[in-house]
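Asks: Input file: my_file36.cif. Contents: mmCIF, C-alpha atoms.
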```
data_protein
#
loop_
_atom_site.label_atom_id
_atom_site.label_comp_id
_atom_site.auth_asym_id
_atom_site.auth_seq_id
_atom_site.Cartn_x
_atom_site.Cartn_y
_atom_site.Cartn_z
CA MET A 9 8.06 20.98 9.48
CA LYS A 10 9.78 18.18 7.55
CA LYS A 11 13.16 19.53 8.68
CA LEU A 12 12.03 19.21 12.28
CA TYR A 13 10.91 15.61 11.69
CA PHE A 14 14.28 14.86 10.09
CA LEU A 15 16.09 16.39 13.08
CA LEU A 16 13.98 14.23 15.40
CA CYS A 17 14.97 11.15 13.35
CA ILE A 18 18.64 12.00 13.88
CA LEU A 19 18.09 12.59 17.60
CA GLY A 20 16.06 9.37 17.75
CA ILE A 21 19.16 7.47 16.66
CA VAL A 22 21.89 9.40 18.46
CA LEU A 23 20.38 9.81 21.94
CA PRO A 24 19.30 6.20 22.61
CA TYR A 25 22.52 4.75 21.21
CA TYR A 26 24.63 7.22 23.21
CA HIS A 27 23.12 5.80 26.39
CA LEU A 28 23.41 2.22 25.13
CA ILE A 29 27.11 2.71 24.44
CA ASN A 30 27.55 4.22 27.91
CA PHE A 31 25.78 1.23 29.46
CA LEU A 32 27.90 -1.23 27.50
CA SER A 33 31.17 0.55 28.29
CA ASN A 34 30.32 0.49 32.01
CA ASN A 35 29.50 -3.25 31.86
CA ASN A 36 32.55 -4.54 29.95
CA TRP A 37 30.57 -4.51 26.70
CA SER A 38 28.09 -7.04 28.04
CA MET A 39 24.30 -6.83 27.83
CA GLU A 40 24.00 -8.69 31.14
CA GLY A 41 21.56 -6.88 33.39
CA PHE A 42 20.22 -4.62 30.63
CA TRP A 43 16.60 -5.81 30.67
CA ASN A 44 16.59 -6.16 34.42
CA ASP A 45 17.71 -2.53 34.78
CA ILE A 46 15.06 -1.35 32.30
CA PHE A 47 12.09 -3.11 33.83
CA PHE A 48 13.10 -3.41 37.47
CA GLY A 49 15.84 -0.79 38.00
CA SER A 50 13.51 1.72 39.63
CA TYR A 51 9.86 2.68 39.48
CA PRO A 52 10.42 5.78 37.30
CA VAL A 53 12.53 3.81 34.80
CA SER A 54 9.94 1.02 34.73
CA MET A 55 7.18 3.58 34.18
CA ILE A 56 8.98 5.09 31.18
CA ALA A 57 9.77 1.64 29.77
CA MET A 58 6.13 0.55 30.02
CA ASP A 59 4.95 3.86 28.53
CA LEU A 60 7.23 3.43 25.52
CA THR A 61 6.28 -0.22 25.16
CA VAL A 62 2.59 0.65 24.94
CA ALA A 63 3.26 3.58 22.58
CA ALA A 64 5.44 1.47 20.28
CA THR A 65 2.86 -1.34 20.27
CA ALA A 66 0.08 1.10 19.43
CA PHE A 67 2.20 2.53 16.62
CA LEU A 68 2.88 -0.97 15.27
CA ILE A 69 -0.84 -1.78 15.27
CA PHE A 70 -1.54 1.57 13.57
CA LEU A 71 1.08 0.80 10.89
CA ILE A 72 -0.44 -2.59 10.18
CA TYR A 73 -3.92 -1.05 9.93
CA GLN A 74 -2.67 1.74 7.65
CA SER A 75 -0.82 -0.72 5.41
CA LYS A 76 -4.03 -2.63 4.76
CA LYS A 77 -6.12 0.50 4.33
CA ASN A 78 -3.77 2.66 2.23
CA ASN A 79 -1.31 0.13 0.79
CA LEU A 80 1.42 1.77 2.88
CA LYS A 81 4.87 0.16 2.76
CA ILE A 82 5.65 -0.39 6.44
CA LEU A 83 8.77 -2.57 6.42
CA LYS A 84 11.23 0.30 6.98
CA TYR A 85 9.22 1.58 9.96
CA ILE A 86 9.09 -1.89 11.53
CA VAL A 87 12.84 -2.34 11.02
CA CYS A 88 13.49 1.07 12.59
CA LEU A 89 11.14 0.26 15.46
CA PHE A 90 12.95 -2.96 16.36
CA LEU A 91 16.55 -1.96 15.56
CA VAL A 92 16.53 1.57 17.00
CA GLY A 93 13.17 2.21 18.63
CA PHE A 94 10.05 4.29 18.68
CA SER A 95 12.24 7.42 18.81
CA LEU A 96 13.23 6.85 15.18
CA ALA A 97 10.25 4.96 13.72
CA PHE A 98 7.60 7.54 14.62
CA PRO A 99 9.47 10.68 13.43
CA LEU A 100 10.41 8.83 10.24
CA TYR A 101 6.76 7.97 9.63
CA LEU A 102 5.79 11.62 10.22
CA TYR A 103 8.58 12.76 7.89
CA ASP A 104 7.48 10.39 5.11
CA THR A 105 3.76 11.12 5.38
CA HIS A 106 3.89 14.87 6.13
CA ASP A 107 2.76 16.09 2.70
CA LYS A 108 0.45 13.20 1.88
CA LYS A 109 -3.28 13.67 2.27
#
```
Kindly return the structure encoded in the file as structure tokens.
Replies:
Amino acid sequence: MKKLYFLLCILGIVLPYYHLINFLSNNNWSMEGFWNDIFFGSYPVSMIAMDLTVAATAFLIFLIYQSKKNNLKILKYIVCLFLVGFSLAFPLYLYDTHDKK
């Protein structure tokens, strides 16, 4: 199972950044219009963006709660969440905590 979580961590980095690089290359390496396209590009894209925003926020709250309860070191998950996204932070958390009880 840990191998699957590790594979998901790799995919969580590669897939989002692949699309980011495609966006940047199509826009002369400018971030102009990025947030507008995410939140207002179309209803399906907005739905997915809001879904991930709520999921990432819930995960962040969960991490903070777990850090106080179990003395969990959460800095690397928060860095991953903000630099890459939920697609890396959550599989990494699952990978790190898989064997812990």
Asks: Take the PyMOL selection byres ((chain A and resi 77-88) around 12), run it mentally on this structure, and tell me the resulting residues as a PyMOL selection string.
Replies: chain A and resi 17+20-21+64-65+67-76+89-105+108-109
Asks: Do you have the CA of Pro52 in chain A-CA of Tyr13 in chain A distance handy?
Replies: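 Straight-line distance from CA of Pro52 in chain A to CA of Tyr13 in chain A works out to 27.4 Å.
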Asks: What is the distance, in Å and to one decimal place, between CA of Leu28 in chain A and CA of Phe42 in chain A?
Replies: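 Answer for the CA of Leu28 in chain A to CA of Phe42 in chain A separation: 9.3 Å.
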Asks: Could you tell me how far CA of Trp43 in chain A lies from CA of Leu15 in chain A, in Å and to one decimal?
Replies: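 A separation of 28.3 Å between them.
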